[in-house]
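S.K.: mmCIF, C-alpha atoms, saved as model-v6.cif, coming up:
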data_final
#
loop_
_atom_site.label_atom_id
_atom_site.label_comp_id
_atom_site.auth_asym_id
_atom_site.auth_seq_id
_atom_site.Cartn_x
_atom_site.Cartn_y
_atom_site.Cartn_z
CA MET A 2 -12.93 -84.65 -42.11
CA LEU A 3 -11.31 -82.23 -39.69
CA ARG A 4 -14.76 -80.90 -38.82
CA SER A 5 -15.83 -84.45 -37.91
CA LEU A 6 -12.68 -84.91 -35.83
CA ARG A 7 -13.34 -81.69 -33.93
CA PHE A 8 -16.91 -82.80 -33.30
CA LEU A 9 -15.71 -86.14 -31.90
CA LEU A 10 -13.23 -84.38 -29.61
CA VAL A 11 -15.72 -81.87 -28.24
CA LEU A 12 -18.71 -84.21 -27.92
CA PRO A 13 -17.55 -86.05 -24.72
CA VAL A 14 -16.83 -82.74 -23.02
CA VAL A 15 -20.30 -81.41 -23.84
CA ILE A 16 -21.97 -84.64 -22.71
CA GLY A 17 -19.91 -84.69 -19.52
CA ALA A 18 -20.76 -81.10 -18.67
CA ALA A 19 -24.48 -81.72 -19.29
CA ALA A 20 -24.39 -84.81 -17.07
CA ALA A 21 -22.65 -82.87 -14.30
CA VAL A 22 -25.29 -80.14 -14.46
CA GLU A 23 -28.05 -82.75 -14.32
CA ALA A 24 -26.44 -84.51 -11.36
CA ALA A 25 -26.07 -81.20 -9.52
CA ARG A 26 -29.80 -80.57 -10.00
CA ASP A 27 -30.69 -83.97 -8.47
CA GLU A 28 -28.43 -83.67 -5.40
CA PRO A 29 -29.46 -81.57 -2.44
CA GLU A 30 -27.48 -78.38 -2.02
CA PRO A 31 -24.42 -79.29 0.10
CA ARG A 32 -24.58 -77.47 3.41
CA PRO A 33 -21.32 -75.75 4.28
CA TRP A 34 -19.80 -76.93 7.56
CA VAL A 35 -20.45 -74.40 10.28
CA GLY A 36 -18.45 -74.92 13.43
CA THR A 37 -19.09 -73.49 16.87
CA TRP A 38 -17.47 -70.71 18.86
CA THR A 39 -15.95 -70.96 22.32
CA ALA A 40 -15.89 -67.80 24.41
CA THR A 41 -13.11 -67.75 27.02
CA ALA A 42 -13.40 -65.16 29.79
CA GLN A 43 -10.76 -62.43 29.75
CA VAL A 44 -11.92 -60.65 32.90
CA ALA A 45 -12.09 -61.73 36.55
CA GLU A 46 -15.88 -61.69 36.58
CA VAL A 47 -18.24 -62.11 33.67
CA ALA A 48 -21.68 -60.55 34.05
CA VAL A 49 -24.49 -62.49 32.35
CA TYR A 50 -27.55 -60.57 31.16
CA PRO A 51 -31.04 -61.77 30.21
CA ASP A 52 -30.96 -59.61 27.06
CA PRO A 53 -28.38 -57.52 25.23
CA GLY A 54 -28.01 -54.26 27.05
CA ALA A 55 -30.26 -55.19 30.00
CA ALA A 56 -29.77 -52.94 33.02
CA GLU A 57 -28.99 -55.66 35.54
CA PRO A 58 -27.14 -58.96 35.14
CA THR A 59 -28.82 -62.18 36.19
CA ALA A 60 -25.54 -63.78 37.23
CA ARG A 61 -21.91 -62.92 37.77
CA LEU A 62 -19.51 -65.78 37.08
CA GLN A 63 -16.01 -65.90 38.51
CA ASN A 64 -12.96 -66.41 36.34
CA PRO A 65 -11.15 -68.67 36.98
CA THR A 66 -13.88 -70.96 38.24
CA LYS A 67 -13.88 -72.81 41.57
CA THR A 68 -11.87 -75.62 39.98
CA GLY A 69 -9.20 -73.15 38.88
CA ALA A 70 -10.02 -73.56 35.18
CA ALA A 71 -10.65 -70.60 32.91
CA LEU A 72 -14.34 -69.78 32.56
CA VAL A 73 -15.57 -70.81 29.11
CA PHE A 74 -18.90 -70.62 27.32
CA LEU A 75 -20.33 -72.22 24.22
CA VAL A 76 -21.73 -69.49 21.99
CA ASP A 77 -25.35 -70.14 21.09
CA GLY A 78 -25.48 -69.89 17.29
CA THR A 79 -22.83 -68.74 14.86
CA ASP A 80 -23.27 -64.97 14.63
CA VAL A 81 -20.46 -63.42 16.67
CA ARG A 82 -20.31 -60.02 15.01
CA GLY A 83 -22.10 -57.93 17.62
CA GLU A 84 -21.11 -56.38 20.94
CA TRP A 85 -23.18 -59.02 22.74
CA LEU A 86 -22.96 -62.78 22.52
CA PRO A 87 -25.66 -65.33 23.36
CA VAL A 88 -24.06 -68.14 25.34
CA HIS A 89 -24.90 -71.44 27.01
CA LEU A 90 -24.27 -71.22 30.73
CA PRO A 91 -22.71 -73.72 33.16
CA LEU A 92 -25.59 -73.12 35.58
CA ARG A 93 -28.74 -74.80 36.80
CA PRO A 94 -31.27 -75.37 35.39
CA ASN A 95 -29.84 -77.32 32.48
CA GLY A 96 -30.21 -75.44 29.21
CA SER A 97 -29.68 -72.01 30.78
CA THR A 98 -28.58 -69.31 28.36
CA GLY A 99 -27.75 -65.63 28.66
CA TRP A 100 -25.88 -62.77 27.04
CA VAL A 101 -22.34 -61.65 27.75
CA ARG A 102 -20.36 -58.67 26.49
CA ALA A 103 -18.11 -59.65 23.58
CA ALA A 104 -15.41 -57.45 25.10
CA ASP A 105 -15.27 -59.73 28.17
CA VAL A 106 -14.35 -62.87 26.23
CA ARG A 107 -12.02 -64.13 23.55
CA LEU A 108 -13.49 -66.23 20.74
CA THR A 109 -12.00 -69.33 19.19
CA ARG A 110 -13.45 -71.56 16.50
CA ASN A 111 -14.18 -75.21 17.19
CA ASP A 112 -14.73 -78.00 14.68
CA HIS A 113 -15.60 -80.77 17.14
CA ARG A 114 -18.83 -82.10 18.57
CA LEU A 115 -19.57 -85.00 20.91
CA ARG A 116 -22.90 -86.75 20.76
CA VAL A 117 -24.16 -89.06 23.49
CA ASP A 118 -26.65 -91.57 22.14
CA LEU A 119 -28.44 -92.70 25.29
CA ARG A 120 -30.46 -95.41 23.58
CA ALA A 121 -27.46 -97.01 21.86
CA ARG A 122 -25.20 -96.15 24.83
CA GLN A 123 -22.58 -94.77 22.50
CA LEU A 124 -20.42 -91.69 22.37
CA VAL A 125 -20.02 -90.29 18.86
CA PHE A 126 -16.98 -88.15 18.04
CA GLU A 127 -17.54 -85.72 15.20
CA GLU A 128 -15.07 -83.44 13.47
CA ARG A 129 -16.09 -80.86 10.87
CA GLY A 130 -19.55 -82.40 10.74
CA GLU A 131 -18.33 -85.93 10.01
CA VAL A 132 -18.52 -88.89 12.37
CA ARG A 133 -14.94 -90.00 13.10
CA TRP A 134 -15.69 -92.82 15.52
CA ARG A 135 -18.17 -94.07 18.10
CA THR A 136 -17.57 -96.04 21.27
CA PRO A 137 -19.69 -97.81 23.91
CA ILE A 138 -20.29 -95.87 27.11
CA GLY A 139 -21.84 -96.26 30.53
CA VAL A 140 -24.68 -93.83 31.28
CA GLY A 141 -26.93 -92.89 34.18
CA ALA A 142 -28.79 -95.64 35.99
CA GLU A 143 -32.56 -95.83 35.70
CA ALA A 144 -33.07 -93.90 38.94
CA MET A 145 -30.41 -91.33 38.04
CA PRO A 146 -30.60 -90.93 34.25
CA THR A 147 -28.19 -88.82 32.24
CA PRO A 148 -30.36 -85.82 31.34
CA PRO A 149 -30.76 -85.08 27.62
CA GLY A 150 -29.79 -81.63 26.38
CA ARG A 151 -27.04 -79.52 24.86
CA TYR A 152 -24.05 -79.09 27.15
CA TYR A 153 -20.41 -78.24 26.54
CA VAL A 154 -17.01 -79.21 27.86
CA LYS A 155 -15.99 -76.61 30.43
CA GLU A 156 -12.83 -78.06 32.05
CA LEU A 157 -10.26 -80.80 31.90
CA VAL A 158 -9.41 -82.51 35.16
CA LEU A 159 -6.67 -84.89 36.15
CA PRO A 160 -8.27 -86.83 39.02
CA PRO A 161 -6.14 -86.95 42.15
CA ARG A 162 -4.14 -90.08 42.87
CA GLY A 163 -6.20 -92.60 44.76
CA GLU A 164 -9.42 -91.61 42.97
CA GLU A 165 -9.49 -94.17 40.18
CA LEU A 166 -13.26 -93.84 39.97
CA TYR A 167 -12.84 -91.29 37.15
CA GLY A 168 -10.00 -93.01 35.31
CA PRO A 169 -7.06 -90.94 34.04
CA PHE A 170 -9.04 -87.82 33.03
CA ALA A 171 -12.43 -86.19 33.38
CA LEU A 172 -14.01 -83.61 31.10
CA GLY A 173 -16.33 -81.49 33.21
CA LEU A 174 -19.57 -80.54 31.46
CA SER A 175 -21.81 -77.50 31.80
CA GLY A 176 -24.80 -79.65 32.86
CA PHE A 177 -26.05 -81.17 36.08
CA THR A 178 -27.82 -84.30 37.13
CA GLU A 179 -31.55 -83.79 37.63
CA ALA A 180 -31.98 -86.83 39.85
CA PRO A 181 -32.59 -85.77 43.48
CA LYS A 182 -30.57 -88.74 44.72
CA ALA A 183 -27.46 -87.64 42.81
CA THR A 184 -27.39 -83.86 43.24
CA ASP A 185 -24.85 -84.11 46.06
CA PHE A 186 -23.04 -87.25 44.92
CA ALA A 187 -19.77 -87.67 46.83
CA GLY A 188 -20.19 -84.24 48.36
CA GLY A 189 -20.21 -82.54 44.96
CA GLU A 190 -22.78 -80.37 43.22
CA GLY A 191 -24.07 -82.98 40.80
CA VAL A 192 -21.97 -81.73 37.88
CA LEU A 193 -21.96 -84.04 34.87
CA ALA A 194 -18.74 -85.20 33.29
CA ILE A 195 -17.33 -87.54 30.70
CA HIS A 196 -14.66 -89.61 32.41
CA GLY A 197 -12.80 -92.89 32.40
CA THR A 198 -13.43 -95.62 34.90
CA ASP A 199 -11.85 -98.15 37.24
CA ASP A 200 -14.67 -100.55 36.34
CA PRO A 201 -14.40 -101.45 32.64
CA ASP A 202 -17.37 -103.81 32.97
CA SER A 203 -19.64 -100.79 33.53
CA ILE A 204 -19.10 -99.64 29.94
CA GLY A 205 -22.22 -100.25 27.86
CA ARG A 206 -24.51 -100.30 30.91
CA ARG A 207 -26.81 -97.94 32.80
CA VAL A 208 -24.78 -97.71 35.97
CA SER A 209 -23.67 -94.15 36.73
CA HIS A 210 -25.11 -91.29 38.78
CA GLY A 211 -25.54 -89.36 35.52
CA CYS A 212 -21.97 -89.07 34.27
CA ILE A 213 -20.84 -90.61 31.00
CA ARG A 214 -18.25 -93.33 31.47
CA VAL A 215 -15.90 -94.17 28.62
CA PRO A 216 -12.98 -96.60 28.34
CA ASN A 217 -9.75 -95.14 29.70
CA ASP A 218 -8.05 -95.07 26.30
CA VAL A 219 -11.00 -93.08 24.96
CA ILE A 220 -10.89 -90.44 27.71
CA THR A 221 -7.14 -90.15 27.15
CA TYR A 222 -7.80 -89.50 23.45
CA LEU A 223 -10.54 -86.98 24.26
CA ALA A 224 -8.28 -85.16 26.72
CA ALA A 225 -5.75 -84.67 23.94
CA HIS A 226 -8.16 -83.74 21.16
CA VAL A 227 -11.29 -82.06 22.55
CA PRO A 228 -11.02 -78.29 23.02
CA MET A 229 -12.87 -76.56 25.82
CA GLY A 230 -16.26 -75.35 24.67
CA THR A 231 -16.91 -78.42 22.54
CA PRO A 232 -20.67 -79.05 22.32
CA VAL A 233 -21.94 -82.26 23.92
CA ASP A 234 -25.41 -83.21 22.72
CA VAL A 235 -27.06 -85.82 24.91
CA GLU A 236 -29.94 -87.36 22.98
CA MET B 24 -8.93 -75.95 -40.62
CA TRP B 25 -5.65 -76.52 -38.81
CA LYS B 26 -6.46 -73.44 -36.76
CA GLN B 27 -9.77 -75.03 -35.80
CA LEU B 28 -8.03 -78.26 -34.79
CA ILE B 29 -5.48 -76.37 -32.73
CA GLY B 30 -8.30 -74.38 -31.14
CA THR B 31 -10.13 -77.57 -30.18
CA ALA B 32 -6.95 -79.02 -28.69
CA ALA B 33 -6.42 -75.83 -26.74
CA LEU B 34 -9.98 -76.04 -25.40
CA LEU B 35 -9.39 -79.58 -24.20
CA GLY B 36 -6.08 -78.55 -22.70
CA ALA B 37 -7.77 -75.78 -20.78
CA LEU B 38 -10.35 -78.20 -19.45
CA VAL B 39 -7.89 -80.92 -18.49
CA GLY B 40 -5.05 -78.58 -17.49
CA PRO B 41 -6.25 -77.80 -13.98
CA LEU B 42 -6.11 -81.49 -13.11
CA ALA B 43 -2.42 -81.76 -13.93
CA PRO B 44 -0.93 -80.21 -10.77
CA ALA B 45 -2.70 -82.76 -8.61
CA THR B 46 -0.76 -85.56 -10.27
CA GLN B 47 2.63 -83.89 -10.01
CA SER B 48 4.81 -84.56 -7.03
CA SER B 49 5.80 -81.65 -4.88
CA SER B 50 9.26 -80.32 -5.58
CA ARG B 51 9.48 -78.30 -2.36
CA ALA B 52 12.77 -78.67 -0.57
CA GLN B 53 12.46 -80.56 2.71
CA VAL B 54 13.78 -78.81 5.80
CA PRO B 55 15.29 -80.89 8.61
CA GLU B 56 12.93 -81.97 11.40
CA LEU B 57 14.52 -81.66 14.80
CA THR B 58 13.54 -82.69 18.32
CA ALA B 59 13.03 -80.75 21.52
CA THR B 60 11.77 -81.68 24.96
CA LEU B 61 9.00 -80.06 26.98
CA SER B 62 8.17 -80.28 30.68
CA PRO B 63 6.02 -80.68 32.58
CA LEU B 64 3.50 -82.51 30.41
CA TYR B 65 0.69 -81.68 32.86
CA VAL B 66 0.43 -78.24 34.32
CA ASN B 67 -2.07 -76.01 36.08
CA PRO B 68 -3.20 -72.74 34.47
CA GLY B 69 -0.39 -70.20 34.67
CA GLY B 70 2.21 -72.86 35.51
CA GLN B 71 5.70 -72.61 34.08
CA ILE B 72 6.56 -74.60 30.95
CA THR B 73 10.14 -75.14 29.79
CA VAL B 74 11.05 -76.30 26.31
CA SER B 75 14.62 -76.98 25.25
CA ALA B 76 16.28 -78.19 22.10
CA ILE B 77 17.61 -81.73 22.02
CA GLN B 78 18.93 -81.04 18.55
CA GLY B 79 19.97 -77.41 18.08
CA CYS B 80 19.30 -75.25 15.06
CA PRO B 81 21.77 -75.82 12.20
CA GLN B 82 23.68 -72.67 13.15
CA PRO B 83 23.24 -69.69 15.47
CA MET B 84 19.95 -68.01 14.57
CA GLN B 85 16.51 -67.47 16.14
CA VAL B 86 13.96 -70.00 17.29
CA PHE B 87 10.35 -68.96 16.70
CA TRP B 88 7.69 -70.77 18.70
CA SER B 89 3.92 -70.66 19.11
CA LEU B 90 1.05 -72.43 20.81
CA GLY B 91 -0.99 -72.61 17.60
CA PRO B 92 -3.20 -70.08 15.82
CA GLY B 93 -4.19 -67.26 18.14
CA GLY B 94 -2.09 -68.68 20.96
CA LEU B 95 0.95 -67.36 22.75
CA SER B 96 4.09 -67.02 20.61
CA GLY B 97 7.62 -65.74 20.91
CA SER B 98 11.19 -66.00 19.74
CA ALA B 99 14.61 -66.42 21.29
CA PRO B 100 18.17 -66.37 20.04
CA THR B 101 19.96 -69.70 19.99
CA ALA B 102 23.31 -70.35 21.62
CA ALA B 103 26.45 -70.59 19.51
CA ASP B 104 25.83 -74.32 19.04
CA GLY B 105 22.23 -73.71 17.90
CA ARG B 106 20.62 -74.94 21.11
CA TRP B 107 17.93 -72.96 22.89
CA ILE B 108 15.58 -72.91 25.87
CA VAL B 109 12.26 -71.07 26.11
CA ARG B 110 10.06 -70.62 29.16
CA PHE B 111 6.48 -69.40 29.29
CA SER B 112 3.35 -69.59 31.41
CA ALA B 113 0.65 -72.11 30.55
CA PRO B 114 -2.63 -70.66 29.24
CA ALA B 115 -5.57 -70.25 31.61
CA ARG B 116 -7.86 -72.50 29.60
CA THR B 117 -7.63 -76.19 30.37
CA GLY B 118 -7.01 -78.71 27.63
CA THR B 119 -4.16 -79.99 25.52
CA VAL B 120 -2.04 -77.32 23.86
CA PRO B 121 0.31 -77.85 20.90
CA PHE B 122 3.79 -76.34 20.79
CA PHE B 123 5.38 -75.51 17.42
CA ALA B 124 8.91 -74.21 16.80
CA HIS B 125 11.21 -73.54 13.89
CA CYS B 126 14.63 -72.06 13.27
CA ALA B 127 15.01 -68.99 11.06
CA PHE B 128 17.20 -65.92 10.75
CA SER B 129 14.28 -63.53 11.13
CA GLN B 130 10.51 -63.36 11.50
CA GLY B 131 8.85 -64.43 8.27
CA ALA B 132 12.08 -65.80 6.78
CA ASN B 133 12.16 -69.35 5.41
CA ALA B 134 12.54 -71.98 8.11
CA ALA B 135 16.01 -73.49 8.26
CA ALA B 136 14.65 -76.37 10.37
CA MET B 137 11.34 -77.38 11.91
CA TYR B 138 10.82 -79.00 15.29
CA LYS B 139 8.52 -81.97 15.79
CA GLN B 140 5.28 -80.82 17.36
CA LEU B 141 5.09 -81.16 21.14
CA SER B 142 2.17 -80.70 23.47
CA PHE B 143 1.29 -80.23 27.10
CA THR B 144 -1.98 -80.50 28.99
CA VAL B 145 -3.42 -77.79 31.20
CA VAL B 146 -5.59 -79.29 33.95
CA ALA B 147 -7.80 -77.68 36.58
CA PRO B 148 -5.92 -77.53 39.91
CA HIS B 149 -8.94 -78.21 42.13
CA PRO B 150 -10.74 -81.29 40.77
CA PRO B 151 -14.41 -81.27 41.74
CA ARG B 152 -16.62 -84.26 42.55
CA TYR B 153 -18.57 -85.18 39.47
CA THR B 154 -21.64 -87.40 39.51
CA GLY B 155 -19.57 -90.53 38.91
#
As a first step, turn the structure in this file into structure tokens.
M.R.:
Amino acid sequence: MLRSLRFLLVLPVVIGAAAAVEAARDEPEPRPWVGTWTATAQVAEVAVYPDPGAAEPTARLQNPTKTGAALVFLVDGTDVRGEWLPVHLPLRPNGSTGWVRAADVRLTRNDHRLRVDLRARQLVFEERGEVRWRTPIGVGAEAMPTPPGRYYVKELVLPPRGEELYGPFALGLSGFTEAPKATDFAGGEGVLAIHGTDDPDSIGRRVSHGCIRVPNDVITYLAAHVPMGTPVDVE
Amino acid sequence: MWKQLIGTAALLGALVGPLAPATQSSSRAQVPELTATLSPLYVNPGGQITVSAIQGCPQPMQVFWSLGPGGLSGSAPTAADGRWIVRFSAPARTGTVPFFAHCAFSQGANAAAMYKQLSFTVVAPHPPRYTG
């Protein structure tokens, strides 16, 4: 009788374990979350090379930048163990990459990503690989489209008083407009940004010179939560 | 036979046991949460930040503060009434930076009180013209 009792007690455990093993076989292997790395310049000038150990740099970037912000890069990939780091560059043409000396920068991990869905005209906020929220946005007009590509947040700006065009904050991106008509918009260099707006009706429409317009409460949230170096994938 | 029954029960206990802690409530003692004030809330890289206690530490001790993992940190002795002021330069990197502080008698000692998290925002001093 006790043998039967023991069998009854153990049976559910055995069945449960077998079912768990079977379920694990059916499900795809869960991919571990891999964040990104931000490299912040620690020297007054960062030399950028075409390859690790190349004799001559292809660019020398000033730190701080012209805006007064610290120079930051998004590391390309996740391997940061070597003496050289592949990085995305805040330079034309869009998509530029290069190599910097690891000794010239300080690395910090980042668990955030922003995704700009041009077709849906939505900004998607992701944290640790999970979508936290999405919001309608205004994007580049037909003649001045927001160029697709991988960019990153390079600076946070508080627009001067009297310039409500950008709303309360602007996050400067590493990319540039590719529309000839917008390369010198308002006397600037055609740098893309995610910013608020003084024209809430423009949200959800194709109205900008390439920048990404979000509601003012959204840019305020982003200013508080998005670290520099956060990837921005425009798709 | 009784040994077998006890053995089976032990097996089940071992399987179920690890779930138990998740259902128990934490018995950790709560430390007081105090308030401080920080200014300015918006600052340029390298600008001066001042943080001061609104509610002082429970007694004269040290206040330990940091700007989060890998960020600037420091400590300062409190006044006789437990109040304190710390000053530091804002980081070079723009963005919003958290400020954490707690009271303790020494580095690594248990916190006698924690301060509510504060934050400030480092902004670029020369705003460019974006594409709008």
S.K.: Select residues of chain B: the criterion is any atom within 7 Å of an atom of chain A, counting only C-alpha atoms; output as a PyMOL selection string.
M.R.: chain B and resi 24+28+31+68+115-119+146-155
S.K.: Could you name the residues that touch Val44 (chain A) at 9 Å or less, counting all atoms listed in the file, but leaving out those on the same chain fewer than 6 positions away, as a PDB file with C-alpha atoms, keeping the file's coordinate frame?
M.R.:
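Written file, around.pdb:
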ATOM      1  CA  GLN A  63     -16.010 -65.900  38.510  1.00  0.00           C
ATOM      2  CA  ASN A  64     -12.960 -66.410  36.340  1.00  0.00           C
ATOM      3  CA  ASP A 105     -15.270 -59.730  28.170  1.00  0.00           C
ATOM      4  CA  VAL A 106     -14.350 -62.870  26.230  1.00  0.00           C
TER       5      VAL A 106
END
S.K.: Find, counting all atoms listed in the file, the residue in B:Ala124, B:Trp88, B:Pro83, B:Ala113 that gets nearest to Pro63 (chain B).
M.R.: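 Comparing B:Ala124, B:Trp88, B:Pro83, B:Ala113 against Pro63 (chain B), the winner is B:Ala113.
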S.K.: Have a look at CA of Gly93 (chain B) and CA of Asp77 (chain A) and let me know their distance in Å, one decimal.
M.R.: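 These two atoms are separated by 21.6 Å.
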S.K.: For Phe123 (chain B), list every protein, DNA or RNA residue within 12 Å, evaluated using all atoms listed in the file, and leave out those in the same chain fewer than 6 positions away; present the list as a list in words.
M.R.: Glu56, Leu57, Thr58, Ala59, Thr60, Leu61, Val74, Val86, Phe87, Trp88, Ser89, Leu90, Gly91, Pro92, Gly94, Leu95, Ser96, Gly97, Ser98, Val109, Ala136, Met137, Tyr138, Lys139, Gln140, Leu141, Ser142 and Phe143 of chain B
S.K.: Using all atoms listed in the file, which residue out of B:Pro55, B:Pro121, B:Gly70, B:Pro81 lies closest to Ala103 (chain B)?
M.R.: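 Among B:Pro55, B:Pro121, B:Gly70, B:Pro81, it is B:Pro81 that comes nearest to Ala103 (chain B).
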S.K.: Just add N, CA and C atoms to region 74-85 of chain A and send it as a compact mmCIF listing (two decimals), keeping the file's coordinate frame.
M.R.:
# COMPACT_ATOMS: atom_id res chain seq x y z
N PHE A 74 -17.51 -70.49 27.73
CA PHE A 74 -18.90 -70.62 27.32
C PHE A 74 -18.95 -71.18 25.91
N LEU A 75 -20.03 -71.85 25.61
CA LEU A 75 -20.33 -72.22 24.22
C LEU A 75 -21.26 -71.15 23.69
N VAL A 76 -20.87 -70.50 22.59
CA VAL A 76 -21.73 -69.49 21.99
C VAL A 76 -22.94 -70.18 21.37
N ASP A 77 -24.10 -69.60 21.62
CA ASP A 77 -25.35 -70.14 21.09
C ASP A 77 -25.54 -69.56 19.68
N GLY A 78 -25.39 -70.38 18.66
CA GLY A 78 -25.48 -69.89 17.29
C GLY A 78 -24.11 -69.56 16.73
N THR A 79 -24.10 -68.96 15.55
CA THR A 79 -22.83 -68.74 14.86
C THR A 79 -22.54 -67.27 14.57
N ASP A 80 -23.48 -66.39 14.92
CA ASP A 80 -23.27 -64.97 14.63
C ASP A 80 -22.53 -64.33 15.81
N VAL A 81 -21.28 -63.98 15.58
CA VAL A 81 -20.46 -63.42 16.67
C VAL A 81 -19.99 -62.01 16.33
N ARG A 82 -20.77 -61.33 15.49
CA ARG A 82 -20.31 -60.02 15.01
C ARG A 82 -20.65 -58.87 15.94
N GLY A 83 -21.62 -59.06 16.83
CA GLY A 83 -22.10 -57.93 17.62
C GLY A 83 -21.31 -57.69 18.90
N GLU A 84 -21.75 -56.70 19.66
CA GLU A 84 -21.11 -56.38 20.94
C GLU A 84 -21.58 -57.31 22.04
N TRP A 85 -22.65 -58.07 21.76
CA TRP A 85 -23.18 -59.02 22.74
C TRP A 85 -23.20 -60.41 22.14
